[in-house]
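Next comes entry02.txt, a file with compact mmCIF, C-alpha atoms and all ligand atoms.
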# COMPACT_ATOMS: atom_id res chain seq x y z
CA MET A 636 105.80 87.27 102.75
CA SER A 637 102.02 87.47 103.02
CA ASP A 638 99.67 85.67 100.67
CA ALA A 639 96.16 84.50 101.64
CA LEU A 640 96.61 81.03 100.12
CA PHE A 641 100.05 80.40 101.61
CA ASP A 642 98.80 81.79 104.96
CA HIS A 643 95.98 79.23 104.74
CA ILE A 644 98.46 76.42 104.06
CA ALA A 645 100.61 77.60 106.98
CA SER A 646 97.55 77.46 109.27
CA LEU A 647 96.71 73.92 108.02
CA HIS A 648 100.31 72.91 108.65
CA ALA A 649 100.44 74.48 112.12
CA GLY A 650 102.75 72.70 114.51
CA ARG A 651 104.14 70.23 111.96
CA PRO A 652 107.74 70.51 110.85
CA TYR A 653 108.27 71.51 107.21
CA GLY A 654 111.42 69.43 106.92
CA ALA A 655 112.23 68.68 103.29
CA VAL A 656 109.96 70.55 100.86
CA LEU A 657 109.36 69.85 97.16
CA ASP A 658 108.05 72.80 95.14
CA ALA A 659 106.77 70.59 92.31
CA GLY A 660 105.88 73.40 89.88
CA THR A 661 108.14 76.20 90.92
CA GLY A 662 108.10 79.91 90.22
CA ARG A 663 109.40 82.99 91.96
CA HIS A 664 106.28 83.32 94.09
CA SER A 665 106.11 79.79 95.48
CA LEU A 666 109.85 79.45 95.93
CA ARG A 667 110.01 82.75 97.85
CA TRP A 668 107.39 81.33 100.22
CA VAL A 669 109.20 78.00 100.56
CA ARG A 670 112.47 79.86 101.25
CA SER A 671 110.73 81.84 104.01
CA LEU A 672 109.84 78.60 105.86
CA PRO A 673 111.97 76.75 108.44
CA THR A 674 112.82 73.90 106.06
CA THR A 675 115.79 71.54 106.31
CA ARG A 676 116.13 71.54 102.51
CA TRP A 677 114.07 72.23 99.41
CA THR A 678 113.92 71.06 95.81
CA ALA A 679 112.22 73.22 93.18
CA VAL A 680 111.14 71.65 89.87
CA THR A 681 110.26 73.39 86.63
CA ALA A 682 109.88 72.13 83.08
CA ASP A 683 110.69 75.56 81.68
CA PRO A 684 114.33 76.69 81.13
CA ASP A 685 113.26 80.37 81.30
CA MET A 686 111.56 79.75 84.65
CA ARG A 687 114.68 77.99 85.92
CA ARG A 688 116.76 81.05 85.03
CA ALA A 689 114.19 83.37 86.65
CA VAL A 690 114.15 81.48 89.95
CA GLU A 691 117.93 81.03 89.93
CA ASP A 692 118.32 84.82 89.57
CA ASP A 693 115.82 85.35 92.38
CA VAL A 694 117.59 83.12 94.91
CA THR A 695 120.15 85.46 96.39
CA ASP A 696 120.53 83.93 99.88
CA PRO A 697 123.67 81.91 100.56
CA PRO A 698 122.93 78.45 99.11
CA ARG A 699 122.54 75.47 101.45
CA PRO A 700 124.19 72.35 100.04
CA ASP A 701 120.96 70.36 99.64
CA ASP A 702 118.72 73.08 98.16
CA ARG A 703 118.38 72.73 94.41
CA ILE A 704 116.50 73.90 91.36
CA VAL A 705 115.84 71.07 88.92
CA LEU A 706 114.85 71.34 85.27
CA GLY A 707 112.69 68.30 84.52
CA ASP A 708 109.30 67.01 83.49
CA TRP A 709 107.00 64.87 85.63
CA THR A 710 106.39 62.63 82.62
CA ASP A 711 110.01 61.47 83.12
CA ALA A 712 109.78 58.46 85.45
CA THR A 713 113.38 58.96 86.60
CA LEU A 714 112.82 62.55 87.83
CA LEU A 715 113.65 62.63 91.59
CA ALA A 716 113.23 58.82 91.67
CA GLY A 717 113.16 57.49 95.23
CA GLU A 718 113.11 60.95 96.87
CA VAL A 719 110.54 61.53 99.63
CA TYR A 720 109.61 64.95 101.02
CA ASP A 721 107.76 65.99 104.18
CA VAL A 722 105.82 68.55 102.15
CA VAL A 723 105.02 68.55 98.44
CA LEU A 724 103.61 71.80 97.08
CA ALA A 725 101.81 71.81 93.71
CA ASP A 726 101.21 75.55 93.33
CA TYR A 727 99.36 76.30 90.07
CA LEU A 728 101.14 73.29 88.61
CA LEU A 729 98.10 71.35 87.34
CA GLY A 730 96.81 74.25 85.21
CA ALA A 731 100.24 74.68 83.61
CA VAL A 732 100.72 71.01 82.71
CA ASP A 733 98.91 71.44 79.39
CA GLY A 734 101.76 73.67 78.24
CA PHE A 735 104.44 71.03 78.88
CA ALA A 736 102.84 67.59 79.06
CA PRO A 737 99.36 67.74 77.50
CA TYR A 738 96.98 64.90 78.49
CA PHE A 739 99.16 64.03 81.49
CA GLN A 740 96.97 65.86 84.02
CA HIS A 741 95.02 62.75 85.10
CA ARG A 742 98.35 61.09 86.06
CA LEU A 743 99.98 64.05 87.80
CA PHE A 744 98.96 63.18 91.36
CA GLU A 745 99.80 59.48 91.05
CA ARG A 746 103.21 60.66 89.77
CA LEU A 747 103.70 63.00 92.76
CA ALA A 748 102.25 60.65 95.43
CA PRO A 749 105.42 58.54 96.00
CA HIS A 750 107.28 61.75 96.85
CA VAL A 751 104.76 62.69 99.58
CA GLY A 752 106.12 61.64 102.97
CA GLY A 753 103.78 63.88 104.96
CA ARG A 754 101.52 66.35 103.24
CA LEU A 755 100.60 67.39 99.70
CA TYR A 756 99.26 70.92 99.24
CA VAL A 757 97.59 71.73 95.92
CA VAL A 758 96.89 75.34 94.94
CA GLY A 759 94.90 75.94 91.77
CA LEU A 760 92.56 78.16 89.86
CA GLU A 761 88.98 77.03 89.28
CA PRO A 762 87.95 77.17 85.59
CA LEU A 763 86.28 80.50 84.81
CA PRO A 764 82.47 80.47 84.57
CA ASP A 765 80.84 79.89 81.15
CA THR A 766 77.82 82.00 82.04
CA CYS A 767 78.35 85.46 83.41
CA VAL A 768 76.01 87.55 85.50
CA THR A 769 78.06 90.64 86.34
CA GLU A 770 80.13 93.01 84.19
CA ALA A 771 83.20 91.92 86.20
CA GLU A 772 82.62 88.29 85.19
CA ARG A 773 81.96 89.28 81.56
CA VAL A 774 85.09 91.36 81.20
CA VAL A 775 87.35 88.85 83.03
CA THR A 776 86.14 85.96 80.87
CA ASP A 777 86.42 88.11 77.72
CA ILE A 778 90.07 88.87 78.63
CA ALA A 779 90.81 85.19 79.33
CA ARG A 780 89.21 84.14 76.02
CA LEU A 781 91.18 86.78 74.10
CA ARG A 782 94.45 85.68 75.78
CA ASP A 783 93.81 81.99 75.02
CA ALA A 784 92.71 82.72 71.43
CA VAL A 785 95.90 84.70 70.77
CA LEU A 786 98.05 81.94 72.29
CA LEU A 787 96.34 79.31 70.13
CA LEU A 788 96.68 81.42 66.96
CA CYS A 789 100.39 81.80 67.77
CA ARG A 790 100.65 77.99 68.07
CA GLU A 791 101.17 78.05 71.84
CA ARG A 792 99.17 76.06 74.40
CA PRO A 793 97.09 78.00 76.94
CA TYR A 794 96.79 76.77 80.54
CA ARG A 795 93.91 74.45 81.32
CA GLU A 796 92.42 74.68 84.80
CA PHE A 797 90.51 71.95 86.67
CA PRO A 798 87.83 72.25 89.38
CA LEU A 799 88.25 71.15 92.99
CA PRO A 800 86.11 67.95 92.71
CA TRP A 801 88.32 66.81 89.80
CA VAL A 802 91.45 67.48 91.87
CA ARG A 803 90.04 65.66 94.92
CA HIS A 804 89.05 62.64 92.77
CA HIS A 805 92.53 62.29 91.30
CA VAL A 806 94.34 62.94 94.58
CA GLU A 807 92.26 60.18 96.22
CA ARG A 808 92.84 57.84 93.28
CA ALA A 809 96.55 58.41 93.84
CA GLY A 810 96.13 56.84 97.30
CA LEU A 811 96.21 60.03 99.37
CA ARG A 812 93.62 61.08 101.97
CA VAL A 813 92.18 64.58 101.55
CA VAL A 814 92.18 66.41 104.89
CA SER A 815 91.05 69.87 103.80
CA GLU A 816 89.73 71.71 100.76
CA GLN A 817 88.64 75.30 100.41
CA ARG A 818 87.79 77.81 97.71
CA PHE A 819 88.82 81.47 97.88
CA ALA A 820 86.89 84.09 95.90
CA ASN A 821 89.14 86.11 93.61
CA ARG A 822 89.14 89.87 93.34
CA LEU A 823 91.32 90.79 90.38
CA GLY A 824 93.01 94.16 90.09
CA HIS A 825 94.77 96.37 87.56
CA GLY A 826 97.88 94.18 87.72
CA TRP A 827 95.99 91.07 86.56
CA ILE A 828 94.22 93.01 83.77
CA ASP A 829 97.45 94.46 82.40
CA ARG A 830 99.44 91.21 82.67
CA GLN A 831 96.88 89.26 80.63
CA LEU A 832 96.37 91.99 78.02
CA ASP A 833 100.09 92.76 77.70
CA MET A 834 100.72 89.03 77.14
CA SER A 835 98.18 89.15 74.30
CA ALA A 836 99.45 92.45 72.86
CA ARG A 837 103.07 91.19 72.71
CA ARG A 838 101.98 88.35 70.41
CA LEU A 839 99.83 90.34 67.95
CA ALA A 840 102.67 90.74 65.46
CA ARG A 841 102.94 86.94 65.31
CA LEU A 842 99.30 86.29 64.34
CA PRO A 843 99.09 84.08 61.23
CA ASP A 844 97.42 86.81 59.12
CA ALA A 845 98.67 90.41 59.32
CA GLY A 846 95.10 91.57 58.73
CA LEU A 847 94.17 90.29 62.18
CA THR A 848 96.64 92.52 64.03
CA ALA A 849 94.79 95.87 63.95
CA PRO A 850 91.32 94.56 64.92
CA MET A 851 92.80 92.39 67.68
CA ALA A 852 94.81 95.38 68.97
CA GLN A 853 91.55 97.35 69.03
CA TRP A 854 89.88 94.55 71.03
CA VAL A 855 92.80 94.58 73.50
CA ALA A 856 92.35 98.35 73.96
CA THR A 857 88.56 98.03 74.34
CA LEU A 858 88.86 95.31 76.97
CA ARG A 859 91.57 97.22 78.84
CA ALA A 860 89.35 100.32 79.11
CA ARG A 861 86.28 98.27 80.10
CA ALA A 862 88.18 96.23 82.68
CA HIS A 863 89.90 99.21 84.31
CA ALA A 864 86.56 101.08 84.50
CA ALA A 865 84.77 98.11 86.11
CA CYS A 866 87.72 97.56 88.46
CA ASP A 867 87.65 101.20 89.61
CA ALA A 868 83.86 101.22 89.94
CA HIS A 869 83.71 98.11 92.13
CA GLY A 870 87.07 98.08 93.94
CA GLY A 871 88.34 95.11 91.91
CA LEU A 872 86.86 92.50 89.58
CA ARG A 873 85.12 89.78 91.59
CA CYS A 874 85.31 86.71 89.41
CA GLY A 875 86.28 83.09 89.91
CA TYR A 876 87.96 81.16 92.68
CA ASP A 877 91.30 79.78 93.72
CA HIS A 878 91.34 76.56 95.70
CA VAL A 879 93.64 74.90 98.20
CA LEU A 880 93.51 71.17 98.91
CA ALA A 881 95.57 69.37 101.55
CA ALA A 882 96.13 65.61 101.53
CA GLU A 883 98.36 63.14 103.32
CA ARG A 884 99.40 59.53 103.10
CA ALA A 885 96.34 57.34 103.72
C1 LIG B 1 102.26 78.68 86.62
S1 LIG B 1 103.91 78.21 86.68
C2 LIG B 1 104.57 78.68 88.18
C3 LIG B 1 103.71 78.67 89.43
C4 LIG B 1 104.59 78.95 90.60
N1 LIG B 1 104.34 78.09 91.70
C5 LIG B 1 104.69 80.42 90.97
O1 LIG B 1 105.31 80.71 91.95
O2 LIG B 1 104.18 81.27 90.28
C6 LIG B 1 103.86 76.47 86.67
C7 LIG B 1 105.15 75.73 86.87
O3 LIG B 1 104.88 74.34 86.68
C8 LIG B 1 105.87 73.80 85.83
N2 LIG B 1 105.34 72.64 85.12
C9 LIG B 1 104.25 72.56 84.34
N3 LIG B 1 104.13 71.33 83.80
C10 LIG B 1 105.17 70.61 84.27
C11 LIG B 1 105.61 69.27 84.08
N4 LIG B 1 104.95 68.44 83.29
N5 LIG B 1 106.73 68.86 84.72
C12 LIG B 1 107.42 69.72 85.54
N6 LIG B 1 107.06 71.00 85.76
C13 LIG B 1 105.95 71.44 85.13
C14 LIG B 1 106.22 74.94 84.90
O4 LIG B 1 107.45 74.68 84.26
C15 LIG B 1 106.27 76.08 85.91
O5 LIG B 1 107.51 76.08 86.57
Would you mind writing the structure in this file as structure tokens?
Ligand SMILES: C[S@@+](CC[C@H](N)C(=O)[O-])C[C@H]1O[C@@H](n2cnc3c(N)ncnc32)[C@H](O)[C@@H]1O
Amino acid sequence: MSDALFDHIASLHAGRPYGAVLDAGTGRHSLRWVRSLPTTRWTAVTADPDMRRAVEDDVTDPPRPDDRIVLGDWTDATLLAGEVYDVVLADYLLGAVDGFAPYFQHRLFERLAPHVGGRLYVVGLEPLPDTCVTEAERVVTDIARLRDAVLLLCRERPYREFPLPWVRHHVERAGLRVVSEQRFANRLGHGWIDRQLDMSARRLARLPDAGLTAPMAQWVATLRARAHAACDAHGGLRCGYDHVLAAERA
């Protein structure tokens, strides 16, 4: 499979064996990449029973005895106790922690560090900008704010992203040595627009006051039209950054 961020990790990893890999915040995307690597075994962790089912359904290759999908939470000190992996991948894990273990983010890397035998790779999304200059930035941040507002009104917790210097600080505090960090500019397409707006639209019937549903549905439609127009006009919505950080045992 091809993905710019995983290709970058593969180039950072060049020549090293992958050995045992821990996908510490699994999903179909990251586990497909891990399964495409010459590993000796892998463990995939999720705190979400629906995600466990989704990745279980996605793994169709003949199972190897030591590959496993584990439902668990990193706040549980017994989770994978004593297990050490050549590669630990935290792919969009940090941003999702708020949904499962709020206020645990500052302890995530110290929790993962004992499992890192060789390298830790962190993939994340930089927080979106507060001030916008372009229409692409305005419409992307408007969509993200609408999505998060709807989640909050429906008593769910939105993701909370952290910037690269915050990640580096906490990875170093966890006793690991950062060997590489890089940002990648994002260009968002129709798929991203529709996924975020569909996620909001699906929840409108659950808003706490039925009077909110029609105006919010109108705002979803307005943003969808604006975003698709800007996307077509500029060949994608250039807004925000992903980052990849690599660290190893000091
Ligand atoms: C954004 S999702 C999936 C990202 C994934 N790598 C992919 O391929 O799309 C984040 C994952 O992190 C997991 N996660 C978040 N907080 C967690 C926690 N406290 N303990 C264990 N897993 C957690 C979620 O359950 C989910 O599986």
Can you work out the spacing between atom CA of Asp777 of chain A and atom CA of Thr857 of chain A in Å, to one decimal?
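The value is 10.7 Å.
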Around ligand LIG 1 (chain B), at most 9 Å away and counting all atoms listed in the file, which residues are there? Put them as a PyMOL selection string, please.
chain A and resi 658-668+679-687+706-711+724-737+739-740+743+758+794
Counting all atoms listed in the file, figure out which residue out of A:Pro798, A:Pro793, A:Pro749, A:Gly871 gets nearest to Trp827 of chain A.
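When distances to Trp827 of chain A are compared using all atoms listed in the file, the smallest one comes from A:Gly871.
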Distance atom CA of Trp854 of chain A-atom CA of Leu832 of chain A, one decimal place?
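Calculated distance between atom CA of Trp854 of chain A and atom CA of Leu832 of chain A is 9.9 Å.
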One decimal, Å: what's the distance from atom CA of Leu880 of chain A over to atom CA of Arg699 of chain A, could you say?
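Separation of atom CA of Leu880 of chain A and atom CA of Arg699 of chain A: 29.5 Å.
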Can you list, as an NGL selection string, every protein, DNA or RNA residue that comes within 9 Å of Gly717 of chain A when you count only C-alpha atoms, leaving out same-chain residues fewer than 3 positions away?
:A and (713-714 or 749-750)
Just want the 10 Å neighbourhood of segment 643-657 of chain A, counted on all atoms listed in the file, with same-chain residues fewer than 3 positions away dropped. Output as a PyMOL selection string.
chain A and resi 638-640+660-661+666+669-670+672-680+701-703+718-725+747+750-758+814-815+817+879-881
My list of candidates is A:Glu816, A:Val774, A:Ala836, A:Gln853. Which is closest to Leu786 of chain A when distances are computed with all atoms listed in the file?
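Of all the options, A:Ala836 lies closest to Leu786 of chain A.
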Of the candidates A:Ala862, A:Val855, A:Ala845, A:Ala840, which one gets nearest to Gly826 of chain A if we count only C-alpha atoms?
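For Gly826 of chain A, the nearest of the candidates is A:Ala862.
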Do a neighbour search on segment 770-772 of chain A at 7 Å with only C-alpha atoms, toss out local chain neighbours closer than 2 positions, and write the hits as a PyMOL selection string.
chain A and resi 767-768+774-776+865+872-874
Tell me which of A:Arg830, A:His741, A:Asp844, A:Arg780 sits closest to Pro762 of chain A, counting only C-alpha atoms.
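Among the listed residues, A:Arg780 lies closest to Pro762 of chain A.
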Give me the box for segment 795-801 of chain A as lines of an AutoDock Vina configuration file, namely the centre and edge lengths in Å to one decimal of a box along x, y and z that holds every listed atom plus 8 Å on each side.
center_x = 90.0
center_y = 70.7
center_z = 87.2
size_x = 23.8
size_y = 23.9
size_z = 27.7
For each of A:Ala712, A:Leu847, A:Val806, A:Leu842, take the minimum atom-to-atom distance to Arg790 of chain A, counting only C-alpha atoms, then give the residue where this is smallest.
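Among the listed residues, A:Leu842 lies closest to Arg790 of chain A.
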Given all atoms listed in the file as the counted atoms, nearest of A:Arg792, A:Arg742, A:Met834, A:Ile828 to Ala852 of chain A:
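Distance minimum relative to Ala852 of chain A lands on A:Met834.
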For segment 657-682 of chain A, where the input has fewer atoms than it should, I would like N, CA and C atoms rebuilt and written as a PDB file, keeping the file's coordinate frame.
ATOM      1  N   LEU A 657     109.273  69.908  98.625  1.00  0.00           N
ATOM      2  CA  LEU A 657     109.360  69.850  97.160  1.00  0.00           C
ATOM      3  C   LEU A 657     108.369  70.846  96.580  1.00  0.00           C
ATOM      4  N   ASP A 658     108.893  71.840  95.869  1.00  0.00           N
ATOM      5  CA  ASP A 658     108.050  72.800  95.140  1.00  0.00           C
ATOM      6  C   ASP A 658     107.926  72.223  93.717  1.00  0.00           C
ATOM      7  N   ALA A 659     106.824  71.464  93.489  1.00  0.00           N
ATOM      8  CA  ALA A 659     106.770  70.590  92.310  1.00  0.00           C
ATOM      9  C   ALA A 659     106.493  71.324  90.999  1.00  0.00           C
ATOM     10  N   GLY A 660     106.072  72.558  91.082  1.00  0.00           N
ATOM     11  CA  GLY A 660     105.880  73.400  89.880  1.00  0.00           C
ATOM     12  C   GLY A 660     106.318  74.797  90.288  1.00  0.00           C
ATOM     13  N   THR A 661     107.607  75.011  90.253  1.00  0.00           N
ATOM     14  CA  THR A 661     108.140  76.200  90.920  1.00  0.00           C
ATOM     15  C   THR A 661     107.976  77.472  90.097  1.00  0.00           C
ATOM     16  N   GLY A 662     108.095  78.572  90.810  1.00  0.00           N
ATOM     17  CA  GLY A 662     108.100  79.910  90.220  1.00  0.00           C
ATOM     18  C   GLY A 662     108.627  80.824  91.307  1.00  0.00           C
ATOM     19  N   ARG A 663     108.823  82.087  90.956  1.00  0.00           N
ATOM     20  CA  ARG A 663     109.400  82.990  91.960  1.00  0.00           C
ATOM     21  C   ARG A 663     108.532  83.072  93.210  1.00  0.00           C
ATOM     22  N   HIS A 664     107.199  83.112  92.975  1.00  0.00           N
ATOM     23  CA  HIS A 664     106.280  83.320  94.090  1.00  0.00           C
ATOM     24  C   HIS A 664     106.317  82.154  95.076  1.00  0.00           C
ATOM     25  N   SER A 665     106.149  80.940  94.558  1.00  0.00           N
ATOM     26  CA  SER A 665     106.110  79.790  95.480  1.00  0.00           C
ATOM     27  C   SER A 665     107.462  79.548  96.111  1.00  0.00           C
ATOM     28  N   LEU A 666     108.538  79.740  95.346  1.00  0.00           N
ATOM     29  CA  LEU A 666     109.850  79.450  95.930  1.00  0.00           C
ATOM     30  C   LEU A 666     110.227  80.495  96.982  1.00  0.00           C
ATOM     31  N   ARG A 667     109.759  81.747  96.804  1.00  0.00           N
ATOM     32  CA  ARG A 667     110.010  82.750  97.850  1.00  0.00           C
ATOM     33  C   ARG A 667     109.329  82.319  99.151  1.00  0.00           C
ATOM     34  N   TRP A 668     108.098  81.780  99.001  1.00  0.00           N
ATOM     35  CA  TRP A 668     107.390  81.330 100.220  1.00  0.00           C
ATOM     36  C   TRP A 668     108.124  80.150 100.844  1.00  0.00           C
ATOM     37  N   VAL A 669     108.500  79.184 100.030  1.00  0.00           N
ATOM     38  CA  VAL A 669     109.200  78.000 100.560  1.00  0.00           C
ATOM     39  C   VAL A 669     110.484  78.447 101.267  1.00  0.00           C
ATOM     40  N   ARG A 670     111.196  79.408 100.662  1.00  0.00           N
ATOM     41  CA  ARG A 670     112.470  79.860 101.250  1.00  0.00           C
ATOM     42  C   ARG A 670     112.254  80.609 102.560  1.00  0.00           C
ATOM     43  N   SER A 671     111.012  81.113 102.759  1.00  0.00           N
ATOM     44  CA  SER A 671     110.730  81.840 104.010  1.00  0.00           C
ATOM     45  C   SER A 671     110.393  80.875 105.152  1.00  0.00           C
ATOM     46  N   LEU A 672     110.252  79.578 104.858  1.00  0.00           N
ATOM     47  CA  LEU A 672     109.840  78.600 105.860  1.00  0.00           C
ATOM     48  C   LEU A 672     111.062  77.970 106.544  1.00  0.00           C
ATOM     49  N   PRO A 673     110.860  77.449 107.758  1.00  0.00           N
ATOM     50  CA  PRO A 673     111.970  76.750 108.440  1.00  0.00           C
ATOM     51  C   PRO A 673     112.136  75.329 107.906  1.00  0.00           C
ATOM     52  N   THR A 674     112.626  75.218 106.686  1.00  0.00           N
ATOM     53  CA  THR A 674     112.820  73.900 106.060  1.00  0.00           C
ATOM     54  C   THR A 674     114.221  73.382 106.399  1.00  0.00           C
ATOM     55  N   THR A 675     114.424  72.074 106.201  1.00  0.00           N
ATOM     56  CA  THR A 675     115.790  71.540 106.310  1.00  0.00           C
ATOM     57  C   THR A 675     116.450  71.556 104.934  1.00  0.00           C
ATOM     58  N   ARG A 676     115.620  71.428 103.885  1.00  0.00           N
ATOM     59  CA  ARG A 676     116.130  71.540 102.510  1.00  0.00           C
ATOM     60  C   ARG A 676     114.924  71.679 101.594  1.00  0.00           C
ATOM     61  N   TRP A 677     115.155  72.170 100.379  1.00  0.00           N
ATOM     62  CA  TRP A 677     114.070  72.230  99.410  1.00  0.00           C
ATOM     63  C   TRP A 677     114.584  71.856  98.028  1.00  0.00           C
ATOM     64  N   THR A 678     113.657  71.314  97.224  1.00  0.00           N
ATOM     65  CA  THR A 678     113.920  71.060  95.810  1.00  0.00           C
ATOM     66  C   THR A 678     112.815  71.759  95.036  1.00  0.00           C
ATOM     67  N   ALA A 679     113.192  72.485  93.998  1.00  0.00           N
ATOM     68  CA  ALA A 679     112.220  73.220  93.180  1.00  0.00           C
ATOM     69  C   ALA A 679     112.304  72.690  91.752  1.00  0.00           C
ATOM     70  N   VAL A 680     111.158  72.256  91.211  1.00  0.00           N
ATOM     71  CA  VAL A 680     111.140  71.650  89.870  1.00  0.00           C
ATOM     72  C   VAL A 680     110.387  72.548  88.905  1.00  0.00           C
ATOM     73  N   THR A 681     110.962  72.722  87.727  1.00  0.00           N
ATOM     74  CA  THR A 681     110.260  73.390  86.630  1.00  0.00           C
ATOM     75  C   THR A 681     110.592  72.670  85.333  1.00  0.00           C
ATOM     76  N   ALA A 682     109.632  72.717  84.393  1.00  0.00           N
ATOM     77  CA  ALA A 682     109.880  72.130  83.080  1.00  0.00           C
ATOM     78  C   ALA A 682     110.354  73.187  82.090  1.00  0.00           C
TER      79      ALA A 682
END
